[in-house]
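Comments concern the structure below.
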Amino acid sequence: MTTVSEVLSKLKNEGYTADFNLSDNCLICHGNPLKLYPKEFVVDRHFRFEGISDPGDGAVVYAISSEKHNVKGTLVDGYGIYSDSISNDLVKALKDTTSFGTIKKVQDIVHQKANEATPLHPQGDRLLDAPVVEIDLAAFRKQIKQEQAWDKGDRNAITLLKSAGMRLVLIALHKGAELKTHTAPGSISVQVLEGKIKFTAEQQVAHLGQGQMLALQAGISHSVYATEESVFLLTLTTNPVT
């Protein structure tokens, strides 16, 4: 299994049919009011999709079950950039209760923060955090579609800036690719550079094309679906607004 979608499909066939999302201190289930608190579930398996240069920026798929609620489902912690807002108990439950299985390291999905060149980011040498960081968007838009991750998977991502308070991530999606529902601890903006995406935030749907953008406040569940092959710039404030 080399893609998130393949892992999710396999787990669904094994009965992990619920779609869990992270909340502040529990897991919520998309489409119903069910909430799973840390002592009410276990992580049966987890699969990590990570790049060579920064494993902390990878995505993790969790296979989760709850005897109390008689439910099994999956949780996708996408890109590793949204987890700062959850409680310590929930972090511990996700990390420490794995009952079997090992982390699967796959290098074909998410390849962020290339602060030095790697086989998957051969043009990766650059500054990610400095008093002044110059970013050539045109060059990165070209690079993101020339890398192995784009050829073998349904997406690619390059972190352009990673400072204490903000991240800039260039994301490319093949047509039909989706970033599953998640929340961010800080405000975000999404600016479409090419293609078209469907951005769903709770009950509101926005269709964005080239040159269009939106801003989203912290803590609002959202997902992104590429209706065409697309590239967009994600800006994330990593310090939650209090």
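Order determines the names: the first chain of the structure tokens is A, the second B, and so forth; residues in each chain are numbered 1 upward, and ligands are numbered 1 upward as they are shown.
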Contacts of segment 216-226 of chain A at 9 Å (only C-alpha atoms; same-chain gap of 5+ positions) as an NGL selection string: :A and (21 or 23-24 or 85 or 173-190 or 195-202 or 237 or 240-241)
Residue subset to file, keeping C-alpha atoms, as a JSON list (two decimals), in the first residue's frame:
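Now in result39.json:
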```
[["chain", "number", "residue", "atom", "x", "y", "z"],
["A", 21, "ASN", "CA", -12.04, 13.87, 12.83],
["A", 23, "SER", "CA", -11.65, 17.90, 18.00],
["A", 24, "ASP", "CA", -10.08, 19.67, 20.99],
["A", 85, "SER", "CA", -4.63, 22.30, 19.14],
["A", 173, "LEU", "CA", -3.62, 17.80, -6.39],
["A", 174, "HIS", "CA", -4.47, 15.58, -9.31],
["A", 175, "LYS", "CA", -8.08, 15.74, -10.45],
["A", 176, "GLY", "CA", -10.23, 13.84, -7.95],
["A", 177, "ALA", "CA", -7.71, 14.01, -5.09],
["A", 178, "GLU", "CA", -9.05, 15.09, -1.70],
["A", 179, "LEU", "CA", -7.74, 16.43, 1.58],
["A", 180, "LYS", "CA", -10.13, 14.88, 4.06],
["A", 181, "THR", "CA", -12.02, 16.83, 6.70],
["A", 182, "HIS", "CA", -9.79, 18.33, 9.37],
["A", 183, "THR", "CA", -9.44, 21.45, 11.49],
["A", 184, "ALA", "CA", -6.62, 23.94, 12.01],
["A", 185, "PRO", "CA", -5.70, 25.57, 15.33],
["A", 186, "GLY", "CA", -5.03, 28.89, 13.62],
["A", 187, "SER", "CA", -6.53, 30.88, 10.78],
["A", 188, "ILE", "CA", -5.73, 29.77, 7.24],
["A", 189, "SER", "CA", -5.99, 31.13, 3.73],
["A", 190, "VAL", "CA", -6.16, 29.16, 0.49],
["A", 195, "GLY", "CA", -7.08, 24.62, -11.65],
["A", 196, "LYS", "CA", -10.29, 24.46, -9.63],
["A", 197, "ILE", "CA", -11.03, 23.15, -6.14],
["A", 198, "LYS", "CA", -14.12, 22.61, -4.01],
["A", 199, "PHE", "CA", -13.54, 23.89, -0.49],
["A", 200, "THR", "CA", -16.11, 22.66, 2.04],
["A", 201, "ALA", "CA", -16.25, 24.28, 5.47],
["A", 202, "GLU", "CA", -18.96, 22.71, 7.64],
["A", 237, "THR", "CA", -0.97, 30.56, 11.34],
["A", 240, "PRO", "CA", -3.85, 29.67, 17.79],
["A", 241, "VAL", "CA", -5.56, 33.00, 18.33]]
```
So which residues touch Leu11 of chain A within 8 Å, counting only C-alpha atoms, skipping near sequence neighbours fewer than 4 positions away, as a PyMOL selection string? chain A and resi 7+15-17+63+74
DSSP on the backbone, then: every residue of segment 148-177 of chain A marked strand (DSSP E), written as a PyMOL selection string. chain A and resi 155-162+166-173
Based on the selection just made, write N, CA and C atoms of those residues as a PDB file, in the first residue's frame.
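What follows is the written file again-v4.pdb:
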```pdb
ATOM      1  N   ARG A 155      -0.992  13.533  -5.246  1.00  0.00           N
ATOM      2  CA  ARG A 155      -0.702  14.880  -4.768  1.00  0.00           C
ATOM      3  C   ARG A 155       0.783  15.053  -4.521  1.00  0.00           C
ATOM      4  N   ASN A 156       1.168  16.275  -4.290  1.00  0.00           N
ATOM      5  CA  ASN A 156       2.515  16.583  -3.819  1.00  0.00           C
ATOM      6  C   ASN A 156       2.426  17.887  -3.051  1.00  0.00           C
ATOM      7  N   ALA A 157       3.355  18.106  -2.126  1.00  0.00           N
ATOM      8  CA  ALA A 157       3.352  19.321  -1.324  1.00  0.00           C
ATOM      9  C   ALA A 157       4.771  19.728  -1.003  1.00  0.00           C
ATOM     10  N   ILE A 158       5.021  21.029  -1.023  1.00  0.00           N
ATOM     11  CA  ILE A 158       6.335  21.566  -0.681  1.00  0.00           C
ATOM     12  C   ILE A 158       6.128  22.688   0.328  1.00  0.00           C
ATOM     13  N   THR A 159       6.781  22.589   1.478  1.00  0.00           N
ATOM     14  CA  THR A 159       6.735  23.664   2.455  1.00  0.00           C
ATOM     15  C   THR A 159       7.682  24.772   2.014  1.00  0.00           C
ATOM     16  N   LEU A 160       7.150  25.988   1.909  1.00  0.00           N
ATOM     17  CA  LEU A 160       7.935  27.126   1.461  1.00  0.00           C
ATOM     18  C   LEU A 160       8.453  27.958   2.620  1.00  0.00           C
ATOM     19  N   LEU A 161       7.711  27.961   3.718  1.00  0.00           N
ATOM     20  CA  LEU A 161       8.100  28.711   4.908  1.00  0.00           C
ATOM     21  C   LEU A 161       7.616  27.952   6.124  1.00  0.00           C
ATOM     22  N   LYS A 162       8.472  27.854   7.141  1.00  0.00           N
ATOM     23  CA  LYS A 162       8.095  27.154   8.365  1.00  0.00           C
ATOM     24  C   LYS A 162       8.690  27.912   9.538  1.00  0.00           C
ATOM     25  N   MET A 166       3.924  30.896  11.425  1.00  0.00           N
ATOM     26  CA  MET A 166       3.239  30.763  10.141  1.00  0.00           C
ATOM     27  C   MET A 166       3.914  29.711   9.284  1.00  0.00           C
ATOM     28  N   ARG A 167       3.120  29.042   8.469  1.00  0.00           N
ATOM     29  CA  ARG A 167       3.638  28.137   7.450  1.00  0.00           C
ATOM     30  C   ARG A 167       3.018  28.470   6.105  1.00  0.00           C
ATOM     31  N   LEU A 168       3.815  28.349   5.076  1.00  0.00           N
ATOM     32  CA  LEU A 168       3.340  28.447   3.702  1.00  0.00           C
ATOM     33  C   LEU A 168       3.607  27.111   3.033  1.00  0.00           C
ATOM     34  N   VAL A 169       2.575  26.484   2.502  1.00  0.00           N
ATOM     35  CA  VAL A 169       2.714  25.175   1.868  1.00  0.00           C
ATOM     36  C   VAL A 169       2.097  25.229   0.478  1.00  0.00           C
ATOM     37  N   LEU A 170       2.877  24.881  -0.519  1.00  0.00           N
ATOM     38  CA  LEU A 170       2.363  24.765  -1.882  1.00  0.00           C
ATOM     39  C   LEU A 170       1.870  23.339  -2.073  1.00  0.00           C
ATOM     40  N   ILE A 171       0.624  23.192  -2.475  1.00  0.00           N
ATOM     41  CA  ILE A 171      -0.001  21.872  -2.594  1.00  0.00           C
ATOM     42  C   ILE A 171      -0.526  21.683  -4.013  1.00  0.00           C
ATOM     43  N   ALA A 172      -0.192  20.562  -4.616  1.00  0.00           N
ATOM     44  CA  ALA A 172      -0.702  20.201  -5.936  1.00  0.00           C
ATOM     45  C   ALA A 172      -1.533  18.935  -5.819  1.00  0.00           C
ATOM     46  N   LEU A 173      -2.718  18.941  -6.431  1.00  0.00           N
ATOM     47  CA  LEU A 173      -3.623  17.800  -6.387  1.00  0.00           C
ATOM     48  C   LEU A 173      -3.990  17.380  -7.805  1.00  0.00           C
TER      49      LEU A 173
END
```
Atom pair atom CA of Thr227 of chain A + atom CA of Tyr62 of chain A, distance 26.6 Å
Set the distance at 12 Å and use only C-alpha atoms: which residues neighbour Lys35 of chain A once local chain neighbours fewer than 5 positions away are removed? I'd like the list as a ChimeraX atom specification. /A:18-30,40-41,66,68-69,71
Would you save the residues from that selection as an mmCIF file, in the first residue's frame, using N, CA and C atoms?
```
data_model
loop_
_atom_site.group_PDB
_atom_site.id
_atom_site.type_symbol
_atom_site.label_atom_id
_atom_site.label_comp_id
_atom_site.auth_asym_id
_atom_site.auth_seq_id
_atom_site.Cartn_x
_atom_site.Cartn_y
_atom_site.Cartn_z
ATOM 1 N N ALA A 18 -16.383 4.204 9.878
ATOM 2 C CA ALA A 18 -16.662 5.553 10.375
ATOM 3 C C ALA A 18 -15.533 6.500 9.972
ATOM 4 N N ASP A 19 -15.883 7.766 9.800
ATOM 5 C CA ASP A 19 -14.919 8.786 9.387
ATOM 6 C C ASP A 19 -14.711 9.733 10.562
ATOM 7 N N PHE A 20 -13.619 9.535 11.308
ATOM 8 C CA PHE A 20 -13.360 10.335 12.499
ATOM 9 C C PHE A 20 -12.564 11.589 12.155
ATOM 10 N N ASN A 21 -12.796 12.634 12.940
ATOM 11 C CA ASN A 21 -12.037 13.865 12.829
ATOM 12 C C ASN A 21 -11.591 14.296 14.219
ATOM 13 N N LEU A 22 -10.512 15.080 14.278
ATOM 14 C CA LEU A 22 -10.000 15.569 15.546
ATOM 15 C C LEU A 22 -10.804 16.754 16.041
ATOM 16 N N SER A 23 -11.120 16.736 17.327
ATOM 17 C CA SER A 23 -11.654 17.903 18.002
ATOM 18 C C SER A 23 -10.692 18.244 19.128
ATOM 19 N N ASP A 24 -11.026 19.219 19.962
ATOM 20 C CA ASP A 24 -10.085 19.666 20.987
ATOM 21 C C ASP A 24 -9.698 18.548 21.945
ATOM 22 N N ASN A 25 -10.694 17.782 22.442
ATOM 23 C CA ASN A 25 -10.414 16.767 23.463
ATOM 24 C C ASN A 25 -11.050 15.423 23.164
ATOM 25 N N CYS A 26 -11.506 15.222 21.940
ATOM 26 C CA CYS A 26 -12.162 13.964 21.577
ATOM 27 C C CYS A 26 -12.113 13.778 20.071
ATOM 28 N N LEU A 27 -12.585 12.608 19.636
ATOM 29 C CA LEU A 27 -12.777 12.355 18.221
ATOM 30 C C LEU A 27 -14.247 12.529 17.901
ATOM 31 N N ILE A 28 -14.540 13.206 16.815
ATOM 32 C CA ILE A 28 -15.919 13.346 16.376
ATOM 33 C C ILE A 28 -16.112 12.534 15.108
ATOM 34 N N CYS A 29 -17.336 12.122 14.887
ATOM 35 C CA CYS A 29 -17.654 11.254 13.751
ATOM 36 C C CYS A 29 -18.464 12.042 12.745
ATOM 37 N N HIS A 30 -17.936 12.150 11.548
ATOM 38 C CA HIS A 30 -18.595 12.925 10.500
ATOM 39 C C HIS A 30 -19.981 12.350 10.203
ATOM 40 N N GLU A 40 -12.093 5.942 25.641
ATOM 41 C CA GLU A 40 -13.173 5.183 25.024
ATOM 42 C C GLU A 40 -12.774 4.522 23.708
ATOM 43 N N PHE A 41 -11.514 4.635 23.296
ATOM 44 C CA PHE A 41 -11.098 4.019 22.034
ATOM 45 C C PHE A 41 -9.655 3.552 22.129
ATOM 46 N N SER A 66 -13.763 1.230 19.088
ATOM 47 C CA SER A 66 -14.314 1.518 20.410
ATOM 48 C C SER A 66 -15.314 0.433 20.777
ATOM 49 N N LYS A 68 -16.942 0.371 23.612
ATOM 50 C CA LYS A 68 -18.048 1.044 24.296
ATOM 51 C C LYS A 68 -19.125 1.476 23.319
ATOM 52 N N HIS A 69 -18.708 2.012 22.190
ATOM 53 C CA HIS A 69 -19.672 2.535 21.219
ATOM 54 C C HIS A 69 -19.877 1.594 20.033
ATOM 55 N N VAL A 71 -18.005 0.738 17.440
ATOM 56 C CA VAL A 71 -17.749 1.426 16.179
ATOM 57 C C VAL A 71 -16.272 1.298 15.830
#
```
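Nearest residue to Glu228 of chain A, choosing from A:His207, A:Leu214, A:Arg45, A:Asp136 and counting only C-alpha atoms: A:His207.
Considering only C-alpha atoms, the residue among A:Arg48, A:Glu6, A:Glu14, A:Gly165 positioned nearest to Gly153 of chain A is A:Glu6.
Among the candidates A:Lys72, A:Lys152, A:Lys142, A:Lys39, the residue lying nearest to Glu194 of chain A is A:Lys142 (atoms considered: only C-alpha atoms).
Minimum atom-to-atom distances from A:Met213, A:Ala93, A:Ala164, A:Ile144 to Leu128 of chain A were compared using only C-alpha atoms, and the lowest value belongs to A:Ala164.
Across the structure, atom CA of Gln212 of chain A and atom CA of Phe140 of chain A are spaced 19.0 Å apart.
Nearest to Lys145 of chain A of all the residues A:Val231, A:Val205, A:Val132, A:Leu75 is A:Val231, counting only C-alpha atoms.
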